[in-house]
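Visitor: Sharing run-v3.pdb (PDB, C-alpha atoms, pLDDT in the B column) below.
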MODEL        1
ATOM      1  CA  MET C 710     108.920  83.912 125.326  1.00 43.00           C
ATOM      2  CA  PRO C 711     108.602  83.376 121.571  1.00 57.00           C
ATOM      3  CA  ARG C 712     105.329  84.816 120.201  1.00 70.00           C
ATOM      4  CA  ALA C 713     102.890  84.206 123.028  1.00 75.00           C
ATOM      5  CA  THR C 714      99.253  83.961 122.012  1.00 83.00           C
ATOM      6  CA  ILE C 715      96.516  85.816 123.864  1.00 84.00           C
ATOM      7  CA  HIS C 716      95.228  82.497 125.183  1.00 83.00           C
ATOM      8  CA  GLU C 717      98.688  81.683 126.626  1.00 86.00           C
ATOM      9  CA  LEU C 718      98.874  85.135 128.188  1.00 84.00           C
ATOM     10  CA  ARG C 719      95.464  84.657 129.843  1.00 84.00           C
ATOM     11  CA  ARG C 720      96.621  81.269 131.206  1.00 87.00           C
ATOM     12  CA  SER C 721      99.750  82.865 132.658  1.00 86.00           C
ATOM     13  CA  GLY C 722      97.633  85.338 134.633  1.00 87.00           C
ATOM     14  CA  VAL C 723      97.408  88.418 132.431  1.00 85.00           C
ATOM     15  CA  SER C 724      94.010  90.096 132.838  1.00 86.00           C
ATOM     16  CA  GLN C 725      91.669  90.757 129.928  1.00 89.00           C
ATOM     17  CA  GLU C 726      91.798  94.450 130.857  1.00 89.00           C
ATOM     18  CA  ASP C 727      95.593  94.510 130.381  1.00 87.00           C
ATOM     19  CA  ILE C 728      95.268  92.728 127.038  1.00 87.00           C
ATOM     20  CA  GLU C 729      92.664  95.234 125.805  1.00 90.00           C
ATOM     21  CA  LEU C 730      94.886  98.117 126.950  1.00 89.00           C
ATOM     22  CA  ALA C 731      97.826  96.557 125.075  1.00 89.00           C
ATOM     23  CA  LYS C 732      95.674  96.293 121.927  1.00 90.00           C
ATOM     24  CA  ALA C 733      94.753  99.978 122.248  1.00 91.00           C
ATOM     25  CA  THR C 734      98.434 100.829 122.659  1.00 90.00           C
ATOM     26  CA  GLN C 735      99.267  98.850 119.534  1.00 89.00           C
ATOM     27  CA  ALA C 736      96.595 100.748 117.604  1.00 89.00           C
ATOM     28  CA  ALA C 737      98.105 104.049 118.784  1.00 87.00           C
ATOM     29  CA  GLN C 738     101.574 102.871 117.749  1.00 86.00           C
ATOM     30  CA  ARG C 739     100.284 102.001 114.265  1.00 86.00           C
ATOM     31  CA  ARG C 740      98.504 105.364 113.926  1.00 84.00           C
ATOM     32  CA  ASN C 741     101.647 107.250 114.920  1.00 82.00           C
ATOM     33  CA  GLY C 742     103.953 105.244 112.688  1.00 79.00           C
ATOM     34  CA  ALA C 743     105.980 103.960 115.626  1.00 79.00           C
ATOM     35  CA  PRO C 744     107.320 100.399 115.782  1.00 81.00           C
ATOM     36  CA  VAL C 745     104.506  98.169 117.052  1.00 84.00           C
ATOM     37  CA  GLN C 746     105.358  96.131 120.121  1.00 84.00           C
ATOM     38  CA  SER C 747     103.811  92.739 120.768  1.00 85.00           C
ATOM     39  CA  ILE C 748     101.051  92.341 123.324  1.00 87.00           C
ATOM     40  CA  ALA C 749     103.332  90.135 125.426  1.00 86.00           C
ATOM     41  CA  VAL C 750     105.899  92.933 125.623  1.00 85.00           C
ATOM     42  CA  LEU C 751     103.248  95.543 126.431  1.00 84.00           C
ATOM     43  CA  VAL C 752     101.807  93.520 129.316  1.00 85.00           C
ATOM     44  CA  GLY C 753     105.291  92.731 130.658  1.00 82.00           C
ATOM     45  CA  ALA C 754     105.302  89.015 129.893  1.00 78.00           C
ATOM     46  CA  ALA C 755     108.248  89.233 127.471  1.00 79.00           C
ATOM     47  CA  GLN C 756     111.289  91.385 126.784  1.00 78.00           C
ATOM     48  CA  PRO C 757     111.270  93.520 123.638  1.00 75.00           C
ATOM     49  CA  ARG C 758     113.445  92.321 120.783  1.00 72.00           C
ATOM     50  CA  GLN C 759     116.340  94.536 119.879  1.00 70.00           C
ATOM     51  CA  HIS C 760     116.043  95.711 116.297  1.00 63.00           C
ATOM     52  CA  HIS C 761     119.321  96.239 114.520  1.00 64.00           C
ATOM     53  CA  SER C 762     118.602  98.244 111.416  1.00 61.00           C
ATOM     54  CA  PRO C 763     121.137  97.540 108.654  1.00 63.00           C
ATOM     55  CA  ASN C 764     120.633 101.111 107.387  1.00 62.00           C
ATOM     56  CA  PRO C 765     120.241 103.492 110.307  1.00 61.00           C
ATOM     57  CA  PRO C 766     119.297 107.084 109.426  1.00 58.00           C
ATOM     58  CA  ALA C 767     122.442 108.645 108.051  1.00 59.00           C
ATOM     59  CA  ASP C 768     123.521 112.133 108.943  1.00 61.00           C
ATOM     60  CA  LEU C 769     123.716 114.495 106.028  1.00 61.00           C
ATOM     61  CA  THR C 770     126.997 116.083 105.096  1.00 65.00           C
ATOM     62  CA  ASP C 771     127.544 119.738 105.905  1.00 66.00           C
ATOM     63  CA  ARG C 772     127.262 120.581 102.205  1.00 65.00           C
ATOM     64  CA  ALA C 773     123.938 118.763 101.881  1.00 61.00           C
ATOM     65  CA  LEU C 774     122.588 120.602 104.918  1.00 61.00           C
ATOM     66  CA  ARG C 775     123.761 123.988 103.617  1.00 63.00           C
ATOM     67  CA  ARG C 776     121.853 123.436 100.366  1.00 63.00           C
ATOM     68  CA  ARG C 777     118.639 123.327 102.391  1.00 63.00           C
ATOM     69  CA  GLY C 778     117.211 126.260 104.301  1.00 70.00           C
ATOM     70  CA  ALA C 779     117.325 126.431 108.080  1.00 75.00           C
ATOM     71  CA  TYR C 780     113.720 125.241 108.398  1.00 77.00           C
ATOM     72  CA  ASP C 781     114.337 122.365 105.974  1.00 78.00           C
ATOM     73  CA  GLN C 782     117.371 121.307 107.996  1.00 76.00           C
ATOM     74  CA  ALA C 783     115.394 121.425 111.227  1.00 81.00           C
ATOM     75  CA  ALA C 784     112.505 119.481 109.659  1.00 82.00           C
ATOM     76  CA  LEU C 785     114.854 116.795 108.396  1.00 79.00           C
ATOM     77  CA  LEU C 786     116.541 116.457 111.774  1.00 81.00           C
ATOM     78  CA  ALA C 787     113.156 116.294 113.536  1.00 85.00           C
ATOM     79  CA  ASP C 788     112.025 113.549 111.123  1.00 81.00           C
ATOM     80  CA  GLN C 789     115.196 111.566 111.759  1.00 82.00           C
ATOM     81  CA  GLN C 790     114.794 111.949 115.508  1.00 85.00           C
ATOM     82  CA  ALA C 791     111.165 110.774 115.269  1.00 84.00           C
ATOM     83  CA  LEU C 792     112.391 107.546 113.668  1.00 82.00           C
ATOM     84  CA  GLN C 793     114.703 106.923 116.612  1.00 83.00           C
ATOM     85  CA  GLU C 794     112.153 107.615 119.349  1.00 84.00           C
ATOM     86  CA  SER C 795     111.019 104.645 121.388  1.00 84.00           C
ATOM     87  CA  SER C 796     107.935 106.401 122.757  1.00 85.00           C
ATOM     88  CA  PRO C 797     105.006 106.711 120.314  1.00 85.00           C
ATOM     89  CA  GLU C 798     103.905 109.972 121.959  1.00 87.00           C
ATOM     90  CA  ARG C 799     107.329 111.567 121.550  1.00 88.00           C
ATOM     91  CA  ALA C 800     107.568 110.279 117.965  1.00 86.00           C
ATOM     92  CA  LEU C 801     104.180 111.849 117.185  1.00 89.00           C
ATOM     93  CA  LYS C 802     105.255 115.199 118.661  1.00 90.00           C
ATOM     94  CA  ALA C 803     108.501 115.102 116.674  1.00 88.00           C
ATOM     95  CA  ARG C 804     106.595 114.377 113.445  1.00 87.00           C
ATOM     96  CA  GLN C 805     104.185 117.240 114.175  1.00 90.00           C
ATOM     97  CA  ALA C 806     107.136 119.570 114.762  1.00 89.00           C
ATOM     98  CA  ALA C 807     108.739 118.404 111.516  1.00 86.00           C
ATOM     99  CA  THR C 808     105.489 119.042 109.650  1.00 85.00           C
ATOM    100  CA  THR C 809     105.310 122.568 111.063  1.00 87.00           C
ATOM    101  CA  LEU C 810     108.920 123.213 110.057  1.00 84.00           C
ATOM    102  CA  LYS C 811     108.251 121.891 106.542  1.00 80.00           C
ATOM    103  CA  GLU C 812     105.332 124.304 106.227  1.00 80.00           C
ATOM    104  CA  LEU C 813     107.625 127.170 107.217  1.00 78.00           C
ATOM    105  CA  SER C 814     110.348 126.205 104.769  1.00 73.00           C
ATOM    106  CA  ALA C 815     110.849 128.236 101.626  1.00 60.00           C
ATOM    107  CA  SER C 816     110.900 125.146  99.402  1.00 55.00           C
ATOM    108  CA  ASN C 817     107.383 124.169 100.431  1.00 48.00           C
ATOM    109  CA  GLN C 818     105.392 127.040  98.936  1.00 47.00           C
ATOM    110  CA  ILE C 819     102.158 126.672  97.070  1.00 44.00           C
ATOM    111  CA  GLU C 820     102.401 127.418  93.361  1.00 42.00           C
ATOM    112  CA  PHE C 821     100.196 130.518  93.503  1.00 45.00           C
ATOM    113  CA  ASP C 822     100.621 131.512  97.133  1.00 47.00           C
ATOM    114  CA  PHE C 823     100.388 135.216  96.409  1.00 47.00           C
ATOM    115  CA  PHE C 824     100.160 136.228 100.042  1.00 49.00           C
ATOM    116  CA  GLY C 825     103.198 134.143 100.961  1.00 49.00           C
ATOM    117  CA  GLY C 826     105.542 136.051  98.661  1.00 50.00           C
ATOM    118  CA  ASN C 827     105.867 133.510  95.865  1.00 50.00           C
ATOM    119  CA  VAL C 828     105.604 135.755  92.802  1.00 54.00           C
ATOM    120  CA  SER C 829     104.433 133.948  89.698  1.00 56.00           C
ATOM    121  CA  ILE C 830     103.279 135.285  86.362  1.00 62.00           C
ATOM    122  CA  ALA C 831     103.848 132.127  84.373  1.00 66.00           C
ATOM    123  CA  PHE C 832     101.724 130.985  81.461  1.00 71.00           C
ATOM    124  CA  GLN C 833      99.770 128.694  83.811  1.00 74.00           C
ATOM    125  CA  PHE C 834      98.785 131.736  85.874  1.00 73.00           C
ATOM    126  CA  GLN C 835      97.718 133.639  82.765  1.00 76.00           C
ATOM    127  CA  ASP C 836      95.687 130.621  81.590  1.00 80.00           C
ATOM    128  CA  ALA C 837      94.000 130.262  84.988  1.00 80.00           C
ATOM    129  CA  VAL C 838      93.037 133.942  85.042  1.00 79.00           C
ATOM    130  CA  THR C 839      91.785 133.785  81.444  1.00 82.00           C
ATOM    131  CA  ASP C 840      89.635 130.734  82.213  1.00 84.00           C
ATOM    132  CA  ARG C 841      88.187 132.441  85.275  1.00 83.00           C
ATOM    133  CA  LEU C 842      87.464 135.613  83.307  1.00 82.00           C
ATOM    134  CA  ASN C 843      85.792 133.590  80.521  1.00 84.00           C
ATOM    135  CA  LYS C 844      83.418 132.173  83.135  1.00 84.00           C
ATOM    136  CA  GLN C 845      82.755 135.375  85.076  1.00 82.00           C
ATOM    137  CA  ALA C 846      83.147 138.400  82.786  1.00 79.00           C
ATOM    138  CA  PRO C 847      79.759 139.794  81.735  1.00 81.00           C
ATOM    139  CA  THR C 848      80.939 140.689  78.205  1.00 85.00           C
ATOM    140  CA  LEU C 849      83.875 139.963  75.921  1.00 85.00           C
ATOM    141  CA  GLY C 850      84.870 143.641  76.122  1.00 86.00           C
ATOM    142  CA  ALA C 851      85.029 143.515  79.922  1.00 84.00           C
ATOM    143  CA  ARG C 852      87.109 140.344  79.733  1.00 83.00           C
ATOM    144  CA  ASP C 853      89.529 141.899  77.242  1.00 86.00           C
ATOM    145  CA  ARG C 854      89.894 145.071  79.355  1.00 86.00           C
ATOM    146  CA  ALA C 855      90.599 142.943  82.452  1.00 84.00           C
ATOM    147  CA  LEU C 856      93.213 140.867  80.591  1.00 84.00           C
ATOM    148  CA  ALA C 857      94.862 143.987  79.178  1.00 87.00           C
ATOM    149  CA  THR C 858      94.970 145.577  82.625  1.00 85.00           C
ATOM    150  CA  LEU C 859      96.412 142.393  84.125  1.00 82.00           C
ATOM    151  CA  GLY C 860      99.058 142.305  81.396  1.00 84.00           C
ATOM    152  CA  GLN C 861     100.127 145.878  82.103  1.00 85.00           C
ATOM    153  CA  ILE C 862     100.180 145.319  85.859  1.00 83.00           C
ATOM    154  CA  THR C 863     102.347 142.215  85.549  1.00 80.00           C
ATOM    155  CA  ARG C 864     104.555 144.033  83.024  1.00 82.00           C
ATOM    156  CA  HIS C 865     105.347 146.709  85.620  1.00 82.00           C
ATOM    157  CA  LEU C 866     105.818 144.529  88.718  1.00 78.00           C
ATOM    158  CA  ALA C 867     109.031 145.029  90.653  1.00 73.00           C
ATOM    159  CA  TRP C 868     111.353 142.018  90.982  1.00 70.00           C
ATOM    160  CA  GLN C 869     109.888 139.418  93.371  1.00 67.00           C
ATOM    161  CA  SER C 870     107.198 141.855  94.477  1.00 70.00           C
ATOM    162  CA  TYR C 871     103.518 142.473  93.904  1.00 68.00           C
ATOM    163  CA  GLU C 872     103.913 146.220  93.855  1.00 78.00           C
ATOM    164  CA  CYS C 873     103.208 147.740  90.486  1.00 79.00           C
ATOM    165  CA  ALA C 874     105.520 150.615  89.623  1.00 81.00           C
ATOM    166  CA  LYS C 875     102.667 152.396  87.810  1.00 82.00           C
ATOM    167  CA  THR C 876      99.776 154.196  89.439  1.00 82.00           C
ATOM    168  CA  ALA C 877      96.163 153.663  88.371  1.00 80.00           C
ATOM    169  CA  ALA C 878      96.333 156.889  86.344  1.00 82.00           C
ATOM    170  CA  ASP C 879      99.496 155.722  84.583  1.00 83.00           C
ATOM    171  CA  LEU C 880      97.820 152.406  83.733  1.00 81.00           C
ATOM    172  CA  CYS C 881      94.810 154.238  82.311  1.00 82.00           C
ATOM    173  CA  ASP C 882      97.093 156.365  80.158  1.00 85.00           C
ATOM    174  CA  ILE C 883      98.876 153.264  78.877  1.00 85.00           C
ATOM    175  CA  LEU C 884      95.633 151.437  78.136  1.00 82.00           C
TER     176      LEU C 884
ENDMDL
END
Using structure tokens, write down the structure that the file contains.

Guide:
Amino acid sequence: MPRATIHELRRSGVSQEDIELAKATQAAQRRNGAPVQSIAVLVGAAQPRQHHSPNPPADLTDRALRRRGAYDQAALLADQQALQESSPERALKARQAATTLKELSASNQIEFDFFGGNVSIAFQFQDAVTDRLNKQAPTLGARDRALATLGQITRHLAWQSYECAKTAADLCDIL
């Protein structure tokens, strides 16, 4: 049946309830990013067309997978599997799993995620702290002391760690 209209479906005996349910299913397919089936296919009046993608998802080489972390590999594979799913519900679950895996991956860290272990003392960080201190410090002297203390703390951080090698007393002696 080539592109049956809703009117033709109603004439062939398909109930309005089935048509409304098919419309709701189409909306769910669009929301989930799944291929949208026609109403005729959803109500059983037509056979689904077979889609032959000229560029199916290609598997990555072993080298390309090794360059990614384990979570990145799993996220990529889950995304590829979601594209191949015929069920919108399964595709949605696969995309949610891929999103969770992407969040766990080391390459997807927030720039200043200090509690996640991403150590950063770049100029942007220093500028952000300075701007915040300019807005909140009660006096210029307090701001300067805070910046000097921050500079000494960052100077004595261990590699990829937030632990300062100096104690508070040592910092006071230095300052």

Visitor: Of the candidates C:Ala743, C:Gln759, C:Leu880, C:Arg864, which shows the shortest atom-to-atom distance to C:Ala803, using only C-alpha atoms?

Guide: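 Once distances to C:Ala803 are computed over only C-alpha atoms, the minimum belongs to C:Ala743.
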
Visitor: Counting only C-alpha atoms, select every polymer residue within 12 Å of (115.9, 125.1, 112.9) as defined in the file's coordinates, and provide the selection as a tab-separated table (two decimals) with C-alpha atoms, in the coordinates of the input.

Guide:
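This is the output file result-v1.tsv:
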chain	number	residue	atom	x	y	z
C	774	LEU	CA	122.59	120.60	104.92
C	777	ARG	CA	118.64	123.33	102.39
C	778	GLY	CA	117.21	126.26	104.30
C	779	ALA	CA	117.32	126.43	108.08
C	780	TYR	CA	113.72	125.24	108.40
C	781	ASP	CA	114.34	122.36	105.97
C	782	GLN	CA	117.37	121.31	108.00
C	783	ALA	CA	115.39	121.42	111.23
C	784	ALA	CA	112.50	119.48	109.66
C	785	LEU	CA	114.85	116.80	108.40
C	786	LEU	CA	116.54	116.46	111.77
C	787	ALA	CA	113.16	116.29	113.54
C	806	ALA	CA	107.14	119.57	114.76
C	807	ALA	CA	108.74	118.40	111.52
C	809	THR	CA	105.31	122.57	111.06
C	810	LEU	CA	108.92	123.21	110.06
C	811	LYS	CA	108.25	121.89	106.54
C	813	LEU	CA	107.62	127.17	107.22
C	814	SER	CA	110.35	126.20	104.77

Visitor: Nearest to C:Glu717: which of C:Leu884, C:Leu859, C:Ile748, C:Glu794 is it, counting all atoms listed in the file?

Guide: C:Ile748

Visitor: Grab the atom CA of C:Asp727 to atom CA of C:Arg758 distance for me, in Å with one decimal place.

Guide: 20.4 Å

Visitor: Counting all atoms listed in the file, what is within 12 Å of C:Asp879, bar same-chain residues fewer than 6 positions away, as a PyMOL selection string?

Guide: chain C and resi 858+861-862+865+873

Visitor: Using only C-alpha atoms, please write the residues we just selected to a file, as a short mmCIF file (atom, residue, chain, number, x, y, z; two decimals), in the coordinates of the input.

Guide:
data_model
loop_
_atom_site.label_atom_id
_atom_site.label_comp_id
_atom_site.auth_asym_id
_atom_site.auth_seq_id
_atom_site.Cartn_x
_atom_site.Cartn_y
_atom_site.Cartn_z
CA THR C 858 94.97 145.58 82.62
CA GLN C 861 100.13 145.88 82.10
CA ILE C 862 100.18 145.32 85.86
CA HIS C 865 105.35 146.71 85.62
CA CYS C 873 103.21 147.74 90.49
#

Visitor: Expand the PyMOL selection byres ((chain C and resi 753) around 12) into the explicit residue set it covers here, and present it as a PyMOL selection string.

Guide: chain C and resi 710+713+718+721-724+727-728+731+746-752+754-757

Visitor: Could you spell out the hits of the PyMOL selection byres ((chain C and resi 799-801) around 12) on the shown file, as number ranges by chain?

Guide: C: 737-744, 787-798, 802-808

Visitor: Rounded to one decimal in Å, what is the spacing between atom CA of C:Ala877 and atom CA of C:Leu842?

Guide: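 Distance between the two atoms: 20.7 Å.
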
Visitor: Interatomic distance between atom CA of C:Ala846 and atom CA of C:Ala867?

Guide: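 Atom CA of C:Ala846 sits 27.9 Å away from atom CA of C:Ala867.
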
Visitor: Can you tell me, as JSON, the centre and edge lengths (Å, one decimal) of the axis-aligned box enclosing all of stretch 794-806 of chain C's listed atoms after padding each side by 4 Å?

Guide:
{"center_x": 108.0, "center_y": 112.1, "center_z": 118.1, "size_x": 16.2, "size_y": 22.9, "size_z": 17.3}
